[in-house]
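Some notes on the structure that comes next.
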Amino acid sequence: MPSLFDPLTLGALTLPNRILMAPLTRARAGRSHIANALMAEHYAQRASAGLLIAEATMVAADGCAFTGEPGIYDDACAAGWRGVTDAVHAAGGRMQLQIWHPGRSAHSSLNGGVQPISSGERAIQGLINTPSGKQPYEQPRRLRDDELPAIVELFRGATRRALQAGFDGVQLHGAHGYLLDQFLRDGVNDRSGPGFERYGGSIENRARLLLECVDAAVAEAGAGRVGLRLSPLAGSNDLVDSDPEALLAYVAGQLGARGIAYLELRHMDPALDAERRIAAVARQHFPGPLLRNGGFSAATAQAALDEGSADAIVFGRAYIANPDLVERLRAGAPLNEPEPKTYYAAGAAGYTDYPRMAA
């Protein structure tokens with residue numbers, strides 16, 4: 001069985017190890033949504049990862065859900081990211097961009113008064129941080145079927161600009177209750193009737209938008225440079241599905257037919273039987289590399305590789321505080337603990353100032 005430190009072919013990329021950095025929203029891009037030198041330093045510090053997957057990045061200028069997340073919706077955004085990818089490549093790393101639309105997880109006060117969009121009209125229960133403080137999530141506008149080609153084009157354009165910015169490919173964010181997930185899962189997708197029927201109802205219809213966006217990304221980048229994140233069991237942003245195993249089986253099979261580089265499953269707690277079963281469904285229907293993400297230690301990560309339920313492990317919290325995570329895991333060294341107060345703060349504190357392992 002492979003170890004965490006063995007190489008892995010991931011589509012068009014050859015990774016030197018199987019320890020990947022998760023896309024982690026850190027809100028350092030400011031109100032411009034343009035990646036900057038501080039972000040370049042942060043990612044370059046972590047370049048020993050098998051693959052860096054950059055944080056959720058806006059495909060639309062009016063698709064903001066957090067103050068400070070980066071964008072990839074115009075040439076200025078692409079130019080900002082070029083400084084990051086150049087720094088990572090100079091440090092010997094590989095980097096993909098997670099492209100993302102929040103859908104109903106956005107708020108009009110973050111987007112020039114534009115109402116959030118979704119597959120349906122149900123609002124998320126709870127509050128969102130806005131420039132005016134915490135506010136209730138808003139009722140989204142239900143997108144018509146004839147509006148969805150424009151959403152596909154947003155992901156196509158984002159993929160094209162990501163390549164122009166020097167990324168080694170893209171990961172589509174189909175998880176955590178964001179727009180693509182809002183179409184996938186029947187807990188919010190209740191579409192029916194004239195103008196709404198092609199993207200709602202059956203699993204095949206609910207998966208249509210996701211797969212069209214995958215196809216657009218593949219057309220721009222090639223299948224070997226496109227990955228996808230799903231979270232079949234996660235209730236993020238107030239979203240569930242009545243039959244997640246059947247939904248995953250269909251989507252995984254369609255992705256396998258397209259030959260994309262990998263499928264990542266998020267919230268895959270190694271201790272939960274339900275998540276082990278969902279990983280088995282993905283493995284059965286998707287023949288490509290399978291990534292798991294959520295709650296893994298070095299020991300449980302290696303166990304997942306040993307049992308064949310994953311080909312690589314994606315680490316999140318550990319990469320916040322440990323820029324040299326690969327080296328620490330290889331040496332069996334203790335890990336720095338992250339400081340939650342700095343997760344979404346401005347500046348270098350808790351972002352680029354975590355110490356490396358002593359020589």
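Each chain in the structure tokens gets a letter, A, B, ..., in the order shown, and its residues are numbered from 1; ligands are numbered from 1 in order too.
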
Counting only C-alpha atoms, which residues of range 131-216 of chain A fall within 6 Å of range 234-251 of chain A, and what is the closest atom pair for each with its distance in Å at one decimal, ordered by chain and rising number, as a Markdown table?
```
| residue | atom | partner | partner_atom | distance |
| --- | --- | --- | --- | --- |
| A:His176 | CA | A:Ser236 | CA | 4.8 |
| A:Gly177 | CA | A:Asn237 | CA | 5.1 |
| A:Arg185 | CA | A:Asp241 | CA | 5.0 |
| A:Asp186 | CA | A:Asp241 | CA | 5.3 |
| A:Gly187 | CA | A:Val240 | CA | 5.0 |
```

For the structure I just gave you, how does DSSP split range 90-330 of chain A - specifically, which residues are strand (DSSP E or B)? Reply as number ranges by chain. A: 95-100, 117-118, 127-130, 133-136, 141-142, 170-173, 226-230, 262-266, 290-293, 312-315

Take the residues from that selection and write them out as a compact mmCIF listing (two decimals), in the first residue's frame, keeping N, CA, C and O atoms.
```txt
# COMPACT_ATOMS: atom_id res chain seq x y z
N MET A 95 -0.42 24.04 -7.86
CA MET A 95 -1.54 24.78 -7.29
C MET A 95 -2.73 24.79 -8.24
O MET A 95 -2.60 25.09 -9.43
N GLN A 96 -3.89 24.45 -7.70
CA GLN A 96 -5.15 24.60 -8.42
C GLN A 96 -6.02 25.63 -7.72
O GLN A 96 -5.80 25.96 -6.55
N LEU A 97 -7.01 26.13 -8.46
CA LEU A 97 -7.92 27.13 -7.93
C LEU A 97 -9.31 26.53 -7.75
O LEU A 97 -9.85 25.93 -8.68
N GLN A 98 -9.90 26.71 -6.57
CA GLN A 98 -11.28 26.29 -6.37
C GLN A 98 -12.20 27.40 -6.85
O GLN A 98 -12.18 28.52 -6.33
N ILE A 99 -13.01 27.10 -7.87
CA ILE A 99 -13.92 28.09 -8.44
C ILE A 99 -15.31 27.86 -7.88
O ILE A 99 -15.77 26.72 -7.76
N TRP A 100 -16.04 28.97 -7.57
CA TRP A 100 -17.14 28.88 -6.61
C TRP A 100 -18.18 29.99 -6.83
O TRP A 100 -17.82 31.13 -7.13
N ILE A 117 -29.14 34.21 -5.57
CA ILE A 117 -29.81 33.31 -6.51
C ILE A 117 -29.66 31.87 -6.02
O ILE A 117 -28.76 31.55 -5.25
N SER A 118 -30.56 31.01 -6.49
CA SER A 118 -30.52 29.61 -6.08
C SER A 118 -31.39 28.78 -7.01
O SER A 118 -31.99 29.29 -7.97
N LEU A 127 -27.98 33.53 10.41
CA LEU A 127 -27.48 34.88 10.18
C LEU A 127 -26.20 34.84 9.36
O LEU A 127 -25.44 33.88 9.41
N ILE A 128 -25.96 35.92 8.61
CA ILE A 128 -24.75 36.07 7.82
C ILE A 128 -24.07 37.36 8.23
O ILE A 128 -24.72 38.36 8.56
N ASN A 129 -22.73 37.35 8.24
CA ASN A 129 -21.96 38.56 8.53
C ASN A 129 -21.98 39.48 7.32
O ASN A 129 -21.66 39.06 6.19
N THR A 130 -22.37 40.73 7.53
CA THR A 130 -22.42 41.72 6.46
C THR A 130 -21.71 42.99 6.93
O THR A 130 -21.37 43.12 8.11
N GLY A 133 -23.18 44.33 10.05
CA GLY A 133 -23.33 43.39 11.14
C GLY A 133 -24.07 42.14 10.72
O GLY A 133 -24.35 41.93 9.53
N LYS A 134 -24.42 41.31 11.68
CA LYS A 134 -25.13 40.07 11.37
C LYS A 134 -26.56 40.38 10.94
O LYS A 134 -27.27 41.15 11.59
N GLN A 135 -26.97 39.75 9.82
CA GLN A 135 -28.32 39.89 9.31
C GLN A 135 -28.86 38.51 8.93
O GLN A 135 -28.09 37.60 8.64
N PRO A 136 -30.18 38.35 8.89
CA PRO A 136 -30.74 37.08 8.41
C PRO A 136 -30.39 36.85 6.95
O PRO A 136 -30.28 37.80 6.16
N ARG A 141 -33.58 34.38 -5.22
CA ARG A 141 -34.40 34.35 -6.44
C ARG A 141 -34.16 33.03 -7.15
O ARG A 141 -33.01 32.63 -7.37
N ARG A 142 -35.24 32.34 -7.51
CA ARG A 142 -35.13 31.06 -8.22
C ARG A 142 -34.71 31.32 -9.67
O ARG A 142 -35.40 32.01 -10.42
N VAL A 170 -8.20 23.51 -12.04
CA VAL A 170 -9.25 24.05 -11.19
C VAL A 170 -9.97 22.92 -10.46
O VAL A 170 -10.00 21.77 -10.91
N GLN A 171 -10.53 23.28 -9.32
CA GLN A 171 -11.47 22.42 -8.62
C GLN A 171 -12.80 23.15 -8.56
O GLN A 171 -12.87 24.28 -8.06
N LEU A 172 -13.87 22.53 -9.05
CA LEU A 172 -15.20 23.10 -8.92
C LEU A 172 -15.73 22.81 -7.53
O LEU A 172 -15.61 21.68 -7.03
N HIS A 173 -16.32 23.82 -6.91
CA HIS A 173 -16.88 23.66 -5.56
C HIS A 173 -18.34 23.23 -5.70
O HIS A 173 -19.22 24.05 -5.92
N VAL A 226 -8.96 19.12 -14.09
CA VAL A 226 -10.24 19.49 -13.46
C VAL A 226 -10.56 18.49 -12.36
O VAL A 226 -10.54 17.27 -12.59
N GLY A 227 -10.86 19.00 -11.17
CA GLY A 227 -11.33 18.18 -10.07
C GLY A 227 -12.64 18.73 -9.53
O GLY A 227 -13.09 19.81 -9.93
N LEU A 228 -13.25 17.99 -8.62
CA LEU A 228 -14.54 18.39 -8.06
C LEU A 228 -14.58 18.05 -6.58
O LEU A 228 -14.12 16.98 -6.17
N ARG A 229 -15.13 18.95 -5.78
CA ARG A 229 -15.39 18.69 -4.36
C ARG A 229 -16.89 18.50 -4.15
O ARG A 229 -17.70 19.30 -4.61
N LEU A 230 -17.25 17.43 -3.44
CA LEU A 230 -18.62 17.16 -3.02
C LEU A 230 -18.65 16.91 -1.52
O LEU A 230 -17.64 16.49 -0.94
N TYR A 262 -9.78 14.04 -10.38
CA TYR A 262 -10.03 13.49 -9.04
C TYR A 262 -11.39 13.93 -8.55
O TYR A 262 -12.00 14.88 -9.06
N LEU A 263 -11.86 13.23 -7.54
CA LEU A 263 -13.05 13.59 -6.79
C LEU A 263 -12.66 13.72 -5.33
O LEU A 263 -12.05 12.81 -4.75
N GLU A 264 -12.98 14.87 -4.71
CA GLU A 264 -12.73 15.07 -3.29
C GLU A 264 -14.05 14.99 -2.52
O GLU A 264 -15.04 15.63 -2.89
N LEU A 265 -14.05 14.22 -1.44
CA LEU A 265 -15.19 14.13 -0.54
C LEU A 265 -14.85 14.88 0.74
O LEU A 265 -13.91 14.53 1.44
N ARG A 266 -15.65 15.88 1.04
CA ARG A 266 -15.42 16.73 2.23
C ARG A 266 -16.28 16.24 3.39
O ARG A 266 -17.35 15.69 3.18
N LEU A 290 -9.40 9.25 -5.59
CA LEU A 290 -10.39 9.70 -4.61
C LEU A 290 -9.66 10.36 -3.45
O LEU A 290 -8.76 9.77 -2.84
N LEU A 291 -10.04 11.59 -3.14
CA LEU A 291 -9.48 12.34 -2.03
C LEU A 291 -10.51 12.41 -0.90
O LEU A 291 -11.70 12.61 -1.16
N ARG A 292 -10.03 12.26 0.33
CA ARG A 292 -10.91 12.43 1.49
C ARG A 292 -10.38 13.55 2.37
O ARG A 292 -9.19 13.79 2.44
N ASN A 293 -11.31 14.23 3.05
CA ASN A 293 -10.98 15.47 3.75
C ASN A 293 -11.88 15.60 4.97
O ASN A 293 -13.10 15.60 4.84
N ALA A 312 -5.42 9.95 -1.54
CA ALA A 312 -4.70 11.05 -0.92
C ALA A 312 -5.62 11.68 0.11
O ALA A 312 -6.84 11.50 0.06
N ILE A 313 -5.04 12.42 1.05
CA ILE A 313 -5.80 13.05 2.11
C ILE A 313 -5.60 14.57 2.03
O ILE A 313 -4.46 15.05 1.86
N VAL A 314 -6.69 15.28 2.16
CA VAL A 314 -6.68 16.74 2.11
C VAL A 314 -6.80 17.26 3.54
O VAL A 314 -7.75 16.94 4.25
N PHE A 315 -5.81 18.07 3.97
CA PHE A 315 -5.75 18.60 5.32
C PHE A 315 -6.13 20.08 5.32
O PHE A 315 -5.65 20.84 4.48
```

Find the residue from A:Arg160, A:His285, A:Arg31, A:Arg104 that sits nearest to Asp181 in chain A; use only C-alpha atoms when measuring. A:Arg104

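A straight line drawn from CA of Gln125 in chain A to CA of Glu339 in chain A is 27.6 Å long.
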
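Near Glu220 in chain A, within 8 Å and counting only C-alpha atoms, sit A:Arg156, A:Thr159, A:Arg160, A:Ala216, not including residues fewer than 4 positions from it in the same chain.
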
Write out as a tab-separated table (two decimals) with C-alpha atoms, in the first residue's frame all residues of range 77-247 of chain A that DSSP puts in alpha helix (DSSP H) for this structure's backbone.
```tsv
chain	number	residue	atom	x	y	z
A	77	CYS	CA	-8.31	39.16	-10.56
A	78	ALA	CA	-6.27	36.92	-12.84
A	79	ALA	CA	-3.30	39.28	-12.65
A	80	GLY	CA	-3.44	39.26	-8.85
A	81	TRP	CA	-3.45	35.48	-8.76
A	82	ARG	CA	-0.47	35.36	-11.16
A	83	GLY	CA	1.73	36.72	-8.38
A	84	VAL	CA	0.59	33.85	-6.14
A	85	THR	CA	1.08	31.05	-8.65
A	86	ASP	CA	4.50	32.39	-9.64
A	87	ALA	CA	5.58	32.33	-5.99
A	88	VAL	CA	4.28	28.80	-5.47
A	89	HIS	CA	5.90	27.47	-8.62
A	90	ALA	CA	9.19	29.17	-7.72
A	148	LEU	CA	-28.48	28.58	-16.35
A	149	PRO	CA	-26.30	28.68	-19.48
A	150	ALA	CA	-24.99	31.98	-18.13
A	151	ILE	CA	-23.98	30.26	-14.88
A	152	VAL	CA	-22.12	27.63	-16.92
A	153	GLU	CA	-20.31	30.42	-18.74
A	154	LEU	CA	-19.21	31.91	-15.42
A	155	PHE	CA	-17.43	28.64	-14.58
A	156	ARG	CA	-16.02	28.41	-18.10
A	157	GLY	CA	-14.62	31.93	-17.90
A	158	ALA	CA	-13.25	31.33	-14.43
A	159	THR	CA	-11.41	28.24	-15.67
A	160	ARG	CA	-9.93	30.12	-18.60
A	161	ARG	CA	-8.71	32.96	-16.39
A	162	ALA	CA	-7.34	30.51	-13.81
A	163	LEU	CA	-5.12	28.99	-16.49
A	164	GLN	CA	-4.08	32.46	-17.64
A	179	LEU	CA	-24.86	27.11	-5.70
A	180	LEU	CA	-23.96	23.87	-7.47
A	181	ASP	CA	-24.87	21.92	-4.34
A	182	GLN	CA	-28.16	23.85	-4.12
A	183	PHE	CA	-29.11	22.31	-7.45
A	184	LEU	CA	-27.77	18.85	-6.57
A	203	ILE	CA	-31.27	13.02	-9.76
A	204	GLU	CA	-30.28	13.32	-13.42
A	205	ASN	CA	-31.96	16.73	-13.67
A	206	ARG	CA	-30.59	18.00	-10.37
A	208	ARG	CA	-27.39	18.68	-14.82
A	209	LEU	CA	-26.00	22.11	-13.87
A	210	LEU	CA	-23.01	20.65	-12.02
A	211	LEU	CA	-22.12	18.40	-14.94
A	212	GLU	CA	-22.55	21.19	-17.47
A	213	CYS	CA	-20.14	23.32	-15.44
A	214	VAL	CA	-17.69	20.39	-15.24
A	215	ASP	CA	-17.95	19.97	-19.02
A	216	ALA	CA	-17.24	23.69	-19.54
A	217	ALA	CA	-14.16	23.50	-17.31
A	218	VAL	CA	-12.95	20.37	-19.11
A	219	ALA	CA	-13.40	22.10	-22.47
A	220	GLU	CA	-11.08	24.89	-21.29
A	221	ALA	CA	-8.49	22.98	-19.26
A	244	PRO	CA	-27.20	10.95	-0.73
A	245	GLU	CA	-25.83	7.55	-1.72
A	246	ALA	CA	-27.93	7.37	-4.90
A	247	LEU	CA	-27.07	10.96	-5.75
```

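Contact shell of Ala279 in chain A at 9 Å (only C-alpha atoms; same-chain neighbours under 4 positions omitted): Leu265, Met268, Ala274, Glu275, Arg283, Gln284, Leu290, Arg292, Ser309 and Ala310 of chain A.
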
Export, as a JSON list (two decimals), in the first residue's frame, the selected residues with C-alpha atoms.
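Below is the file again.json, written as the result:
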```json
[["chain", "number", "residue", "atom", "x", "y", "z"],
["A", 265, "LEU", "CA", -15.19, 14.13, -0.54],
["A", 268, "MET", "CA", -15.21, 12.52, 5.61],
["A", 274, "ALA", "CA", -21.76, 6.51, 7.42],
["A", 275, "GLU", "CA", -18.87, 8.41, 5.87],
["A", 283, "ARG", "CA", -14.92, 4.29, -4.96],
["A", 284, "GLN", "CA", -17.37, 1.90, -6.63],
["A", 290, "LEU", "CA", -10.39, 9.70, -4.61],
["A", 292, "ARG", "CA", -10.91, 12.43, 1.49],
["A", 309, "SER", "CA", -10.76, 4.22, 0.77],
["A", 310, "ALA", "CA", -8.63, 7.14, -0.43]]
```

Set the distance at 10 Å and use only C-alpha atoms: which residues neighbour range 316-331 of chain A once local chain neighbours fewer than 6 positions away are removed? I'd like the list as an NGL selection string. :A and (4-5 or 17-24 or 26 or 42-50 or 293-299 or 337-340 or 343 or 350-358)
